[in-house]
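**Q** To be precise about what I am sending: the file is called entry.tsv and holds TSV, C-alpha atoms.
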```tsv
chain	number	residue	atom	x	y	z
Y	1	MET	CA	-53.24	-28.03	98.89
Y	2	ASN	CA	-55.19	-27.65	95.65
Y	3	ARG	CA	-54.81	-29.54	92.37
Y	4	TYR	CA	-52.64	-26.83	90.82
Y	5	THR	CA	-50.18	-26.75	93.73
Y	6	ARG	CA	-49.81	-30.53	93.43
Y	7	LEU	CA	-49.20	-30.28	89.67
Y	8	ALA	CA	-46.62	-27.53	90.25
Y	9	GLY	CA	-44.91	-29.74	92.86
Y	10	ILE	CA	-44.70	-32.62	90.36
Y	11	ALA	CA	-43.29	-30.25	87.71
Y	12	VAL	CA	-40.61	-29.00	90.14
Y	13	LEU	CA	-39.68	-32.59	91.07
Y	14	LEU	CA	-39.39	-33.51	87.37
Y	15	MET	CA	-37.20	-30.47	86.73
Y	16	LEU	CA	-34.95	-31.60	89.60
Y	17	VAL	CA	-34.66	-35.03	87.93
Y	18	ALA	CA	-33.74	-33.28	84.67
Y	19	ALA	CA	-31.15	-31.14	86.53
Y	20	ALA	CA	-29.63	-34.28	88.08
Y	21	MET	CA	-29.28	-35.82	84.64
Y	22	ILE	CA	-27.83	-32.63	83.14
Y	23	PHE	CA	-25.21	-32.16	85.86
Y	24	LEU	CA	-24.50	-35.72	87.02
Y	25	TYR	CA	-25.37	-38.15	84.20
Y	26	ALA	CA	-24.59	-36.39	80.91
Y	27	PRO	CA	-20.90	-36.56	79.95
Y	28	GLU	CA	-18.86	-33.40	79.53
Y	29	ASP	CA	-18.47	-32.27	75.92
Y	30	TYR	CA	-14.90	-32.71	74.68
Y	31	LEU	CA	-14.75	-29.37	72.84
Y	32	GLN	CA	-17.18	-27.05	74.61
Y	33	LYS	CA	-16.57	-28.42	78.15
Y	34	GLU	CA	-18.91	-27.25	80.95
Y	35	PRO	CA	-20.90	-24.55	79.05
Y	36	GLN	CA	-22.30	-27.27	76.76
Y	37	ARG	CA	-24.63	-28.28	79.63
Y	38	ILE	CA	-26.55	-25.03	78.98
Y	39	PHE	CA	-27.71	-26.66	75.71
Y	40	TYR	CA	-30.21	-29.01	77.43
Y	41	LEU	CA	-32.49	-26.36	78.95
Y	42	HIS	CA	-31.76	-23.76	76.25
Y	43	VAL	CA	-33.16	-26.01	73.51
Y	44	SER	CA	-35.89	-27.57	75.69
Y	45	SER	CA	-37.29	-24.18	76.66
Y	46	ALA	CA	-37.23	-23.10	72.99
Y	47	ILE	CA	-39.26	-26.17	71.95
Y	48	ALA	CA	-41.66	-25.68	74.89
Y	49	ALA	CA	-42.10	-22.03	73.80
Y	50	PHE	CA	-42.89	-23.18	70.24
Y	51	ALA	CA	-45.49	-25.57	71.69
Y	52	ALA	CA	-47.03	-22.73	73.75
Y	53	PHE	CA	-47.23	-20.51	70.65
Y	54	ALA	CA	-48.82	-23.41	68.74
Y	55	VAL	CA	-51.50	-23.46	71.45
Y	56	VAL	CA	-51.98	-19.69	70.91
Y	57	LEU	CA	-52.36	-20.35	67.17
Y	58	VAL	CA	-55.00	-23.07	67.57
Y	59	ALA	CA	-56.90	-21.29	70.37
Y	60	SER	CA	-56.91	-18.01	68.40
Y	61	ALA	CA	-58.25	-19.77	65.28
Y	62	VAL	CA	-60.95	-21.45	67.40
Y	63	TYR	CA	-61.82	-18.07	68.94
Y	64	LEU	CA	-62.18	-16.40	65.56
Y	65	ARG	CA	-64.47	-19.20	64.42
Y	66	THR	CA	-66.58	-19.73	67.53
Y	67	GLU	CA	-65.95	-16.65	69.73
Y	68	SER	CA	-65.52	-19.03	72.64
Y	69	ALA	CA	-64.34	-17.22	75.79
Y	70	ARG	CA	-62.47	-20.38	76.81
Y	71	ALA	CA	-60.41	-20.37	73.61
Y	72	ASP	CA	-59.56	-16.69	74.14
Y	73	ARG	CA	-58.47	-17.39	77.73
Y	74	LEU	CA	-56.33	-20.32	76.59
Y	75	ALA	CA	-54.63	-18.13	73.95
Y	76	ARG	CA	-53.88	-15.43	76.56
Y	77	SER	CA	-52.50	-18.02	79.01
Y	78	ALA	CA	-50.31	-19.82	76.47
Y	79	ALA	CA	-48.91	-16.52	75.10
Y	80	LEU	CA	-47.71	-15.46	78.55
Y	81	VAL	CA	-46.05	-18.82	79.22
Y	82	GLY	CA	-44.52	-18.78	75.71
Y	83	VAL	CA	-42.94	-15.38	76.38
Y	84	VAL	CA	-41.54	-16.58	79.74
Y	85	LEU	CA	-40.00	-19.64	78.03
Y	86	THR	CA	-38.62	-17.56	75.14
Y	87	THR	CA	-36.98	-15.22	77.68
Y	88	VAL	CA	-35.24	-18.23	79.23
Y	89	THR	CA	-34.19	-19.44	75.75
Y	90	LEU	CA	-32.74	-16.07	74.75
Y	91	VAL	CA	-30.83	-15.36	77.97
Y	92	MET	CA	-29.49	-18.91	78.30
Y	93	GLY	CA	-28.46	-18.73	74.64
Y	94	MET	CA	-26.54	-15.51	75.27
Y	95	LEU	CA	-24.76	-17.06	78.25
Y	96	TYR	CA	-23.97	-20.12	76.11
Y	97	ALA	CA	-22.70	-17.97	73.24
Y	98	LYS	CA	-20.23	-15.90	75.26
Y	99	PRO	CA	-17.74	-18.70	76.16
Y	100	ILE	CA	-18.15	-20.46	72.77
Y	101	TRP	CA	-18.35	-17.55	70.28
Y	102	GLY	CA	-16.70	-14.87	72.39
Y	103	THR	CA	-19.77	-12.62	72.27
Y	104	PHE	CA	-23.16	-12.57	73.97
Y	105	TRP	CA	-25.04	-11.56	70.84
Y	106	THR	CA	-24.71	-11.54	67.09
Y	107	TRP	CA	-27.40	-10.45	64.64
Y	108	ASP	CA	-27.57	-13.78	62.82
Y	109	ALA	CA	-30.84	-15.16	61.48
Y	110	ARG	CA	-31.57	-17.58	64.37
Y	111	LEU	CA	-30.96	-15.06	67.15
Y	112	THR	CA	-32.72	-12.20	65.36
Y	113	SER	CA	-35.79	-14.26	64.43
Y	114	THR	CA	-36.04	-15.52	68.03
Y	115	LEU	CA	-35.88	-11.95	69.32
Y	116	VAL	CA	-38.61	-11.00	66.81
Y	117	LEU	CA	-40.72	-13.90	68.16
Y	118	TRP	CA	-40.30	-12.56	71.70
Y	119	VAL	CA	-41.23	-9.03	70.59
Y	120	VAL	CA	-44.33	-10.23	68.66
Y	121	TYR	CA	-45.79	-12.15	71.62
Y	122	ALA	CA	-44.73	-9.52	74.17
Y	123	GLY	CA	-46.63	-7.09	71.93
Y	124	TYR	CA	-49.60	-9.48	71.97
Y	125	LEU	CA	-49.57	-9.45	75.79
Y	126	LEU	CA	-49.24	-5.66	75.85
Y	127	LEU	CA	-52.21	-5.41	73.49
Y	128	ARG	CA	-54.28	-7.62	75.78
Y	129	ARG	CA	-53.33	-5.52	78.77
Y	130	LEU	CA	-53.82	-2.06	77.29
Y	131	ALA	CA	-56.81	-2.57	74.99
Y	132	GLU	CA	-60.30	-2.18	76.33
Y	133	PRO	CA	-61.52	-5.75	77.04
Y	134	GLY	CA	-64.18	-6.86	74.61
Y	135	ARG	CA	-64.97	-8.63	71.39
Y	136	GLN	CA	-63.07	-6.22	69.15
Y	137	SER	CA	-59.74	-6.40	71.03
Y	138	ALA	CA	-60.04	-10.18	71.47
Y	139	ARG	CA	-60.54	-10.63	67.71
Y	140	PHE	CA	-57.64	-8.33	66.90
Y	141	ALA	CA	-55.41	-10.17	69.40
Y	142	ALA	CA	-56.44	-13.51	67.85
Y	143	VAL	CA	-55.27	-12.27	64.45
Y	144	VAL	CA	-51.92	-11.21	65.99
Y	145	GLY	CA	-51.70	-14.62	67.71
Y	146	ILE	CA	-52.20	-16.41	64.40
Y	147	PHE	CA	-49.88	-14.27	62.27
Y	148	GLY	CA	-47.23	-14.19	65.01
Y	149	PHE	CA	-46.85	-17.95	64.63
Y	150	VAL	CA	-45.47	-17.41	61.11
Y	151	ASP	CA	-42.15	-16.59	62.82
Y	152	VAL	CA	-41.91	-20.03	64.52
Y	153	PRO	CA	-40.97	-21.97	61.33
Y	154	VAL	CA	-38.71	-19.04	60.38
Y	155	VAL	CA	-36.85	-19.48	63.71
Y	156	TYR	CA	-36.65	-23.26	63.24
Y	157	PHE	CA	-35.47	-23.23	59.61
Y	158	SER	CA	-33.31	-20.08	59.89
Y	159	VAL	CA	-30.19	-22.21	60.44
Y	160	THR	CA	-30.78	-24.08	57.18
Y	161	TRP	CA	-32.15	-21.20	55.08
Y	162	TRP	CA	-29.33	-18.77	55.91
Y	163	ARG	CA	-25.68	-19.07	56.88
Y	164	THR	CA	-25.65	-18.49	60.61
Y	165	GLN	CA	-23.20	-18.54	63.48
Y	166	HIS	CA	-25.77	-20.54	65.44
Y	167	PRO	CA	-25.25	-24.29	64.86
Y	168	GLY	CA	-27.72	-26.28	62.76
Y	169	PRO	CA	-30.07	-28.94	64.14
Y	170	VAL	CA	-28.22	-31.54	66.21
Y	171	ILE	CA	-31.14	-33.66	67.42
Y	172	VAL	CA	-32.69	-34.52	64.05
Y	173	ASN	CA	-29.22	-34.99	62.51
Y	174	ASP	CA	-28.42	-37.66	65.10
Y	175	ALA	CA	-25.34	-35.70	66.26
Y	176	LEU	CA	-25.69	-36.42	69.99
Y	177	PRO	CA	-24.18	-39.47	71.72
Y	178	PRO	CA	-26.77	-41.69	73.48
Y	179	GLN	CA	-26.22	-40.35	77.03
Y	180	MET	CA	-26.55	-36.74	75.87
Y	181	LEU	CA	-29.61	-37.60	73.76
Y	182	LEU	CA	-31.33	-39.33	76.71
Y	183	THR	CA	-30.57	-36.34	78.96
Y	184	PHE	CA	-31.95	-33.97	76.36
Y	185	LEU	CA	-35.15	-36.00	75.89
Y	186	VAL	CA	-35.74	-36.15	79.66
Y	187	ALA	CA	-35.11	-32.38	79.97
Y	188	LEU	CA	-37.47	-31.75	77.04
Y	189	ALA	CA	-40.27	-33.91	78.50
Y	190	CYS	CA	-39.92	-32.22	81.92
Y	191	THR	CA	-39.88	-28.71	80.41
Y	192	LEU	CA	-42.95	-29.49	78.28
Y	193	PHE	CA	-44.76	-30.71	81.40
Y	194	LEU	CA	-43.72	-27.58	83.31
Y	195	GLY	CA	-44.98	-25.40	80.44
Y	196	ALA	CA	-48.32	-27.28	80.39
Y	197	VAL	CA	-48.71	-26.83	84.17
Y	198	MET	CA	-47.92	-23.11	83.86
Y	199	ILE	CA	-50.57	-22.74	81.13
Y	200	ALA	CA	-53.12	-24.66	83.24
Y	201	ILE	CA	-52.49	-22.42	86.26
Y	202	ARG	CA	-52.67	-19.26	84.17
Y	203	TYR	CA	-55.88	-20.47	82.52
Y	204	ARG	CA	-57.46	-20.90	85.96
Y	205	ILE	CA	-56.31	-17.40	86.97
Y	206	GLU	CA	-57.76	-15.92	83.76
Y	207	THR	CA	-61.06	-17.76	84.37
Y	208	LEU	CA	-61.33	-16.44	87.94
Y	209	MET	CA	-60.45	-12.91	86.79
Y	210	ASP	CA	-63.07	-13.06	84.00
Y	211	GLU	CA	-65.71	-14.26	86.45
Y	212	ALA	CA	-64.87	-11.69	89.13
Y	213	PRO	CA	-66.71	-8.36	88.93
Y	214	SER	CA	-64.33	-5.67	87.66
Y	215	PRO	CA	-63.33	-3.04	90.25
Y	216	ALA	CA	-64.43	-0.30	87.86
Y	217	SER	CA	-67.96	-1.62	87.55
Y	218	ALA	CA	-68.16	-2.13	91.32
Y	219	SER	CA	-67.05	1.37	92.25
Y	220	VAL	CA	-68.77	3.46	89.57
Y	221	PRO	CA	-72.41	4.06	90.45
Y	222	VAL	CA	-74.89	3.01	87.85
Y	223	ILE	CA	-76.31	6.13	86.22
Y	224	ALA	CA	-79.94	5.79	85.33
Y	225	LYS	CA	-80.67	6.26	81.69
Y	226	HIS	CA	-82.40	9.55	81.07
Y	227	GLU	CA	-85.99	8.92	80.39
Y	228	PRO	CA	-87.82	11.36	78.15
Y	229	GLU	CA	-90.62	13.23	79.78
Y	230	PRO	CA	-94.05	11.92	78.86
Y	231	ALA	CA	-95.81	13.92	76.19
Y	232	ARG	CA	-98.48	16.19	77.55
B	233	MET	CA	-18.21	-22.41	84.78
B	234	ILE	CA	-19.51	-18.92	85.62
B	235	TYR	CA	-21.69	-18.89	82.48
B	236	LEU	CA	-23.15	-22.33	83.25
B	237	VAL	CA	-24.03	-21.34	86.82
B	238	THR	CA	-25.41	-17.94	85.76
B	239	ALA	CA	-27.51	-19.52	82.97
B	240	TYR	CA	-29.15	-22.09	85.27
B	241	ALA	CA	-29.54	-19.56	88.11
B	242	PHE	CA	-31.39	-17.29	85.68
B	243	ALA	CA	-33.61	-20.16	84.48
B	244	VAL	CA	-34.47	-21.12	88.08
B	245	LEU	CA	-35.20	-17.48	88.91
B	246	ILE	CA	-37.50	-16.92	85.93
B	247	LEU	CA	-39.28	-20.30	85.77
B	248	GLY	CA	-39.40	-20.82	89.55
B	249	GLY	CA	-40.30	-17.20	90.19
B	250	TYR	CA	-43.07	-17.25	87.61
B	251	LEU	CA	-44.47	-20.54	88.96
B	252	ALA	CA	-44.41	-19.28	92.57
B	253	TRP	CA	-46.00	-15.95	91.58
B	254	SER	CA	-48.74	-17.79	89.62
B	255	LEU	CA	-49.56	-20.06	92.54
B	256	HIS	CA	-49.65	-17.08	94.92
B	257	ARG	CA	-51.95	-15.18	92.55
B	258	LEU	CA	-54.22	-18.20	92.16
B	259	ASP	CA	-54.34	-18.72	95.91
B	260	ARG	CA	-55.35	-15.07	96.44
B	261	LEU	CA	-58.08	-15.29	93.81
B	262	LEU	CA	-59.43	-18.56	95.23
B	263	ASN	CA	-59.53	-17.21	98.78
B	264	HIS	CA	-61.12	-13.84	98.05
```
How does the structure come out when it is put into structure tokens?

**A**
Amino acid sequence: MNRYTRLAGIAVLLMLVAAAMIFLYAPEDYLQKEPQRIFYLHVSSAIAAFAAFAVVLVASAVYLRTESARADRLARSAALVGVVLTTVTLVMGMLYAKPIWGTFWTWDARLTSTLVLWVVYAGYLLLRRLAEPGRQSARFAAVVGIFGFVDVPVVYFSVTWWRTQHPGPVIVNDALPPQMLLTFLVALACTLFLGAVMIAIRYRIETLMDEAPSPASASVPVIAKHEPEPAR
Amino acid sequence: MIYLVTAYAFAVLILGGYLAWSLHRLDRLLNH
């Protein structure tokens, strides 16, 4: 068992602890009843996604400044994990919205800006996959990674800047009773750890893939450069 | 109740599935 498998095992155990708190410790909400328990992982995965995109921002800025291959790999890894976490946020949010609002989706500022965030970083990943690997595409992707982060504060402040169906901040406004707050903080810490482990594993995969000879270069025979005939 | 179960089942599928796929991919790269 390697280091990464052990870290993944710890992350799974921590998520089980969070699940136990969500389903067994946290009290049922008086108004929203059972669906309110979706809140804990819905919000935690959103914050973990923001953290992953912050890593993309910093790593992309470092790459543009230093052209470090490690920074580029870290940006690629964090973007993928950020998209996975945003997918969880969006789908859990839709399943939370249906019993509370009566609809899976509404085009309010919070939901729309979160969908835009998903599209921006999914586009980033698509760019990395389709573009010819090299300095040019890495620099272009770094710019997308930096400018894409502009949407993160828009998502966060959307509920205060515009009138939305999505509720405003409940954590910073001290709106949760102590048991719910403790459950949320445990779920958040466990989800952040899981996100960090996912990025670490992906970073290792990216490193091994960068170091491995590409199949194209292995299969295509090297064509000798044409040498001009010597002058007679 | 159905939405709560579906939401967490989806989260387990995506997060657990991604983690398992990553470990499998890493294992293959390390052993080849």

**Q** Can you pull out the residues contacting stretch 176-181 of chain Y? Cut-off 8 Å, using only C-alpha atoms, and skip same-chain residues under 2 positions away; I want them as a short mmCIF file (atom, residue, chain, number, x, y, z; two decimals) with C-alpha atoms, keeping the file's coordinate frame.

**A**
```
data_model
loop_
_atom_site.label_atom_id
_atom_site.label_comp_id
_atom_site.auth_asym_id
_atom_site.auth_seq_id
_atom_site.Cartn_x
_atom_site.Cartn_y
_atom_site.Cartn_z
CA TYR Y 25 -25.37 -38.15 84.20
CA ALA Y 26 -24.59 -36.39 80.91
CA PRO Y 27 -20.90 -36.56 79.95
CA VAL Y 170 -28.22 -31.54 66.21
CA ILE Y 171 -31.14 -33.66 67.42
CA ASP Y 174 -28.42 -37.66 65.10
CA THR Y 183 -30.57 -36.34 78.96
CA PHE Y 184 -31.95 -33.97 76.36
CA LEU Y 185 -35.15 -36.00 75.89
#
```

**Q** Could you list, as JSON, numbers by chain, every residue within 8 Å of stretch 260-263 of chain B, counting all atoms listed in the file and ignoring same-chain residues fewer than 3 positions away?

**A** {"Y": [205, 208, 209], "B": [256, 257]}

**Q** Applying 7 Å and all atoms listed in the file, which residues near stretch 100-114 of chain Y remain after dropping the ones on its own chain fewer than 5 positions away? List them as number ranges by chain.

**A** Y: 32, 94-95, 151, 154-155, 158-159, 162, 164-166

**Q** Could you name the residues that touch Y:Phe149 at 9 Å or less, counting all atoms listed in the file, but leaving out those on the same chain fewer than 6 positions away, as a list in words?

**A**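 After dropping sequence-adjacent residues, the list is Phe50, Phe53, Ala54, Val56, Leu57 and Leu117 of chain Y.
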
**Q** Please measure the separation of atom CA of Y:Ile201 and atom CA of B:Ala239, giving the value in Å to one decimal.

**A**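 That distance, rounded to one decimal, is 25.4 Å.
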
**Q** Given all atoms listed in the file as the basis, pick out the residue of Y:Glu34, Y:Thr89, Y:Met1, Y:Thr66 nearest to B:Phe242.

**A**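 Using all atoms listed in the file, B:Phe242 sits closest to Y:Thr89.
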
**Q** Could you tell me which residues of chain B sit within 6 Å of chain Y when counting only C-alpha atoms, and give me the result as a PyMOL selection string?

**A** chain B and resi 235-236+239+243+258

**Q** Name the closest residue to B:Tyr240 among the candidates Y:Phe23, Y:Ala79, Y:Val58, Y:Ser68; distances are taken between atoms, counting only C-alpha atoms.

**A**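 The shortest atom-to-atom distance to B:Tyr240 comes from Y:Phe23.
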